[in-house]
Every structure is written in structure tokens, then in C-alpha cells.
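Working notes, structure below.
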Amino acid sequence: MKRRHFLQGCAGVALTPLATAYAQAPNPADPLAVPPGYIETHRLRIVNRVNGAISVSTDGGKNWQLIGRVLVPATTVVQGYIAAEYADPGTVAAIAVHGHRIRVSASDASLHAPLILSLDPREYAGKAPNTGYGGHRPGSAGIFTNIGAGTSLFRELAPHVGNPVLREDSGTGKVTPLSNRFSPNGAGEIILIPVWVPADALTQVVFPNKKGGFVKATFASGATRELMQVVKTVQGVGRFDGTAYTGVGRLNTAHTGVITVCTAPVDGALPEGEGKERRGGFQISPAWHNARCEEAGAPMVMTVGASAVPRRKDSEGTAPLFRDAVSLGNQTTAEVSIVDVAIDGGNWEPMPTIIGLRLDAFTGPGLTKVWRERGSKRTAEQGVTAFRLRLDTPTSARSEGSTRSAVVSYIADRRRAAKRGELSLVSGIITIESNAANNRAVAWARLIVEGNAKGFTNAAPFTFSWDTRTVPDGEYLVETETLDSGGVVVATAQRRVFVGNDRT
């Protein structure tokens with residue numbers, strides 16, 4: 001794979017002591033209590049084991065809907081990247097179409113980067129799960145899913161930076177904050193993320209591409225505010241992770257030290273870095289954070305700061321840009337979570353499509369060249385003079401719609417997989433055999449469907465009947481456990497099936 005020129009998150013850079021914590025911490029008495037000034041749009045639940053369910057709830061955890069599975073569970077946590085330092089332990093430190101990062105550990109006197117856990121799309125799983133990354137590589141600290149990059153969990157259902165990450169006890173259902181000493185073993189730890197967003201949502205941000213220009217924000221209430229100033233303008237684009245799965249003008253990444261905007265169309269025909277170049281994008285970053293990176297001052301990074309001073313920490317990990325308010329949007333909705341441009345001080349227009357390393361693509365001569373290559377005779381004098389980020393207003397209703405869409409899409413995908421023979425297609429009342437044959441130690445067996453006990457038997461040959469008509473059509477993980485007379489599990493078996501009773 002070609003090395004990406006500018007590493008997202010500045011991996012491998014020495015760190016200074018832990019920055020001030022900004023994120024909303026969960027209430028110890030009730031970790032799921034929504035803090036003042038926020039609303040809950042949905043919850044995410046990930047069971048960290050092979051075939052573990054990835055589910056969404058839009059009714060406060062009363063009901064859960066399946067949107068994916070775990071392909072490879074995480075079995076450890078690893079040292080992360082520099083910007084994870086600005087997140088609170090036990091919170092979402094980064095979201096992206098190609099993976100989310102969770103900060104686990106507390107501050108470290110030896111100045112190591114925080115330990116992190118990752119959620120990753122299927123494109124980065126397989127025999128070499130690190131392939132495709134130019135920055136942080138999750139390895140065995142990644143929960144690799146069968147959900148595609150830029151969809152569902154990795155787009156409209158993504159959490160927000162700063163959201164708390166909780167643990168759910170599989171036996172009691174008790175929910176507690178994630179310990180800063182947490183390390184997974186892949187045996188079924190349940191990760192729970194309540195998605196809390198500001199009640200007064202950020203709806204628009206204008207970034208003048210001019211040194212000293214004020215970055216201005218608009219909120220759902222109609223309030224406006226100058227957030228900070230531009231310390232350094234952006235002149236061009238680079239090759240950033242995940243931009244082949246993002247879309248022109250879409251947000252690729254939001255974390256405590258970076259917002260990455262894509263300039264390349266979605267093209268997932270091959271893994272990133274293979275074949276023709278298909279990546280492209282630029283970043284907006286706090287000036288102090290960028291100054292700590294090995295490639296500080298890169299032409300494809302706009303730096304901003306409340307003080308307009310390059311080496312004074314002030315915006316890292318702070319709301320609204322680098323915590324709480326920025327979402328990845330919806331790939332199918334053109335008017336939200338999109339960045340458009342003003343060229344030569346003109347009206348807003350769509351982001352130009354720019355692929356690969358083009359260090360001058362936003363300048364007058366560089367943009368003119370981009371147009372010429374596409375057969376346009378248009379010319380630019382100053383180039384891109386401003387960027388405008390438009391965000392949707394998160395609501396429970398919007399999350400319900402996104403969840404329905406994700407569920408329908410996943411069911412359709414699994415139905416196609418069943419027709420290809422990749423999992424059993426079942427209907428009506430089916431017989432499920434345990435693996436107790438010829439095992440004299442077995443005293444009884446139980447049937448488990450999606451983690452819920454559905455039957456017990458102490459009679460050989462330890463088989464079960466399951467009426468699939470009692471559940472909606474879709475994919476289910478069916479497991480059997482056989483136990484000896486002392487209640488010790490001596491054998492297990494599992495398979496995924498697709499229930500297809502609806503013949504309409």
C-alpha cells in the first residue's frame with residue numbers, strides 16, 4: 001500500500017501531560033441519566049465476541065434492533081494517537097466513516113498516548129486487519145464488524161465525540177462506566193454507548209480561508225457565535241484514511257483534534273491504497289494540536305484557535321467543533337453534514353471533486369488546473385475563499401428513521417447471503433440439535449437465541465424445537481450449551497440462521 005502523506009491523529013508523536021478533561025461524565029448513581037443541556041437520540045450496544053450482536057435502541061434500551069455482527073473481537077487495548085489525550089477516559093475520542101476510537105486509560109505519568117479500543121468496518125478486517133491505515137492501527141484492540149465503511153454505525157448512527165462508553169453486565173444487566181483499567185478478552189463483554197447530543201444543536205459553521213478570519217457558528221436556536229480565528233489557511237488536499245468511502249464534501253472524521261473533509265467520490269471497488277488513487281481530503285485542526293504533529297503546517301490542513309496563536313492550547317477537545325456537536329451525517333441526504341465552498345468570494349457552491357495529493361488545489365491556479373483537467377474553461381483568481389459546514393439537527397425521530405433504514409438494509413443483505421448459502425434459511429418450526437451426541441457427561445442442555453434462553457432439556461438426545469414464526473424475519477444467532485450434572489458447560493455450538501417466514 002502507498003503510504004499516506006499526512007497521518008490522521010499524528011501517531012507516534014511525543015505527548016505533553018494530559019489536557020483538561022471536557023467531556024460529560026456519566027452520573028455514577030445512574031450512568032444512563034442524560035446530563036442537562038443534552039438529549040439522547042439512540043443507544044449503541046456491541047457484544048464483543050465472534051458473531052456478537054451490534055444493535056441500536058431508540059426507546060431508551062427497551063427494545064434493540066440488529067444492524068450488524070462482530071467478525072473479530074478485540075482482545076486487548078493499545079496505545080493510541082496524540083489527540084486521544086484531549087478526550088476523557090471512558091468516552092468516545094473519535095468518530096469516522098472508517099472507524100471509531102474509545103479512550104480507555106487515565107493519564108500516564110510516563111507521557112504515553114492513552115490506551116484505546118476501536119470499532120472498525122469490514123473493509124479493515126481479514127487476514128491483515130491493519131492494512132489500509134496510514135495513522136492509528138487498532139490491531140487486536142479493534143472490534144471488527146461486518147458493517148461497511150461509511151454506512152450505518154459508521155455514518156448516521158455513529159456516536160458523537162465525548163459520549164460516555166459504558167459496560168453492561170451480561171448476567172444482571174447492570175450498567176457501569178467503563179473502567180480506565182478495562183481490557184477486553186473477546187468473550188462477550190457488552191459495550192454500551194448512549195448517544196447524547198446538545199439540545200441546542202450546531203447547524204452551520206463558516207470557515208473563512210483567510211488568516212485571522214473569524215470562524216462563525218450558528219445553532220438551532222438561531223444564536224450565532226464567533227468560535228475562534230483562522231491561524232493558517234488550507235491550500236490543497238491530501239490522501240487521508242477512509243476518504244474513498246466518504247463522498248465529496250462529506251465529513252470523514254471528527255475527533256478531539258481534527259475534522260477531516262472529503263473531496264473524493266465514494267469508490268470502494270478495491271481496498272484503499274490498491275489500484276488507482278481514490279482518496280482525497282483536507283483537515284481543520286486546532287493550531288496547538290497541529291503544531292505537535294510531525295507534519296505540522298501541512299498545506300492540506302487549516303489550523304484554528306481561539307487565541308489565533310499557533311502554539312497556545314485552547315480549542316483541543318472543546319465543544320462545539322472538537323467535541324459534542326459534529327456528526328458524520330447521512331450519505332443519502334444532500335443538505336446535511338456537508339461542506340460547500342465559496343470561490344473568489346462568490347456564492348456557496350458544491351465542493352469540487354479532487355483526488356490524490358494536490359497541494360495547491362484550493363488556490364486560484366491550482367483550482368483552475370483541476371477544472372481544466374475536467375474539460376471546464378472556468379478560471380479562479382483567489383481560489384477557495386471560505387468553507388461552510390452544514391449539520392443536521394439530531395432528534396430521536398431522525399435516529400428512528402436511520403435505525404429503520406439500517407435494519408432494513410441489514411436484513412436485505414443477510415437474506416441475500418442466505419440465498420447464496422452462506423447461512424441457513426429457515427422457517428416454521430425447526431429442530432435444533434445440540435452437540436451432546438455420545439457424550440455421557442451431559443446431564444442437560446439449553447437453547448439460546450440472540451443471548452436469550454429459549455429452552456432447556458434433560459432428555460437425550462437433547463434436541464429442541466424452535467418456532468421461528470414467533471420472531472420477525474431476519475438473522476439470528478442460535479446457540480446450544482450442554483452441561484454436566486454439576487452445571488459445568490462441557491460443549492457449545494452456534495450457527496447463524498436467516499428466518500424467512502414472510503413469503504410476500
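Each chain in the C-alpha cells gets a letter, A, B and so on, in the order shown; residues start at 1 in every chain, and ligands are counted from 1 in the order they appear.
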
Going by DSSP on the backbone, which residues of range 5-167 of chain A come out as helix (DSSP H, G or I)? List them as a short mmCIF file (atom, residue, chain, number, x, y, z; two decimals) with C-alpha atoms, in the first residue's frame.
data_model
loop_
_atom_site.label_atom_id
_atom_site.label_comp_id
_atom_site.auth_asym_id
_atom_site.auth_seq_id
_atom_site.Cartn_x
_atom_site.Cartn_y
_atom_site.Cartn_z
CA ILE A 82 -1.92 12.10 20.21
CA ALA A 83 -5.42 13.63 20.00
CA ALA A 84 -6.91 10.91 22.22
CA GLU A 85 -5.20 12.77 25.04
CA TYR A 86 -7.85 15.51 24.81
CA ARG A 122 -15.46 -4.81 7.48
CA GLU A 123 -13.10 -3.25 4.96
CA TYR A 124 -10.36 -3.23 7.59
CA GLY A 139 -4.83 -4.46 15.52
CA SER A 140 -6.10 -6.73 18.32
CA ALA A 141 -7.67 -3.69 20.04
CA SER A 152 -24.99 2.71 9.47
CA LEU A 153 -22.77 2.56 12.58
CA PHE A 154 -20.08 4.39 10.63
#

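Within the 9 Å cut-off around Val384 in chain A, using only C-alpha atoms and omitting residues fewer than 3 positions from it on the same chain, the listed residues are A:Asn209, A:Gln235, A:Val341, A:Ala342, A:Ile343, A:Asp344, A:Gly345, A:Ala361, A:Phe362, A:Thr363, A:Gly364, A:Leu367, A:Ala380, A:Phe387.
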
(Q) Report as a list of chain:residue names all protein, DNA and RNA residues lying within 7 Å of range 351-359 of chain A, evaluated on only C-alpha atoms, omitting residues in the same chain fewer than 5 positions from it. (A) A:Gln235, A:Gly236, A:Val237, A:Gly238, A:Arg239, A:Val248, A:Gly249, A:Thr263, A:Ala264, A:Glu277, A:Arg278, A:Arg279, A:Gly280, A:Pro299, A:Met300, A:Val339, A:Asp340, A:Val341

Output file for the residues above (C-alpha atoms, as a short mmCIF file (atom, residue, chain, number, x, y, z; two decimals), in the first residue's frame):
data_model
loop_
_atom_site.label_atom_id
_atom_site.label_comp_id
_atom_site.auth_asym_id
_atom_site.auth_seq_id
_atom_site.Cartn_x
_atom_site.Cartn_y
_atom_site.Cartn_z
CA GLN A 235 -4.13 25.37 0.19
CA GLY A 236 -4.76 21.84 -1.05
CA VAL A 237 -5.75 18.25 -0.38
CA GLY A 238 -4.01 15.03 0.65
CA ARG A 239 -4.61 11.30 0.91
CA VAL A 248 -17.34 14.65 -1.89
CA GLY A 249 -17.93 17.35 0.71
CA THR A 263 -13.02 15.76 -1.65
CA ALA A 264 -13.16 12.34 -3.36
CA GLU A 277 -5.64 6.54 -6.10
CA ARG A 278 -9.19 7.14 -4.83
CA ARG A 279 -8.58 9.17 -1.66
CA GLY A 280 -8.70 12.92 -1.15
CA PRO A 299 -0.77 22.58 3.07
CA MET A 300 -3.87 20.37 3.41
CA VAL A 339 -19.18 21.15 3.36
CA ASP A 340 -19.52 23.54 0.44
CA VAL A 341 -17.27 26.35 -0.75
#

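Counting only C-alpha atoms, the residue from A:Val231, A:Val471, A:Ala441, A:Ser405 that sits nearest to Val488 in chain A is A:Ala441.
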
Q. Which one is closest to Arg415 in chain A: A:Asn252, A:Thr463, A:Asn501, A:Asn290? Count only C-alpha atoms.
A. A:Asn501
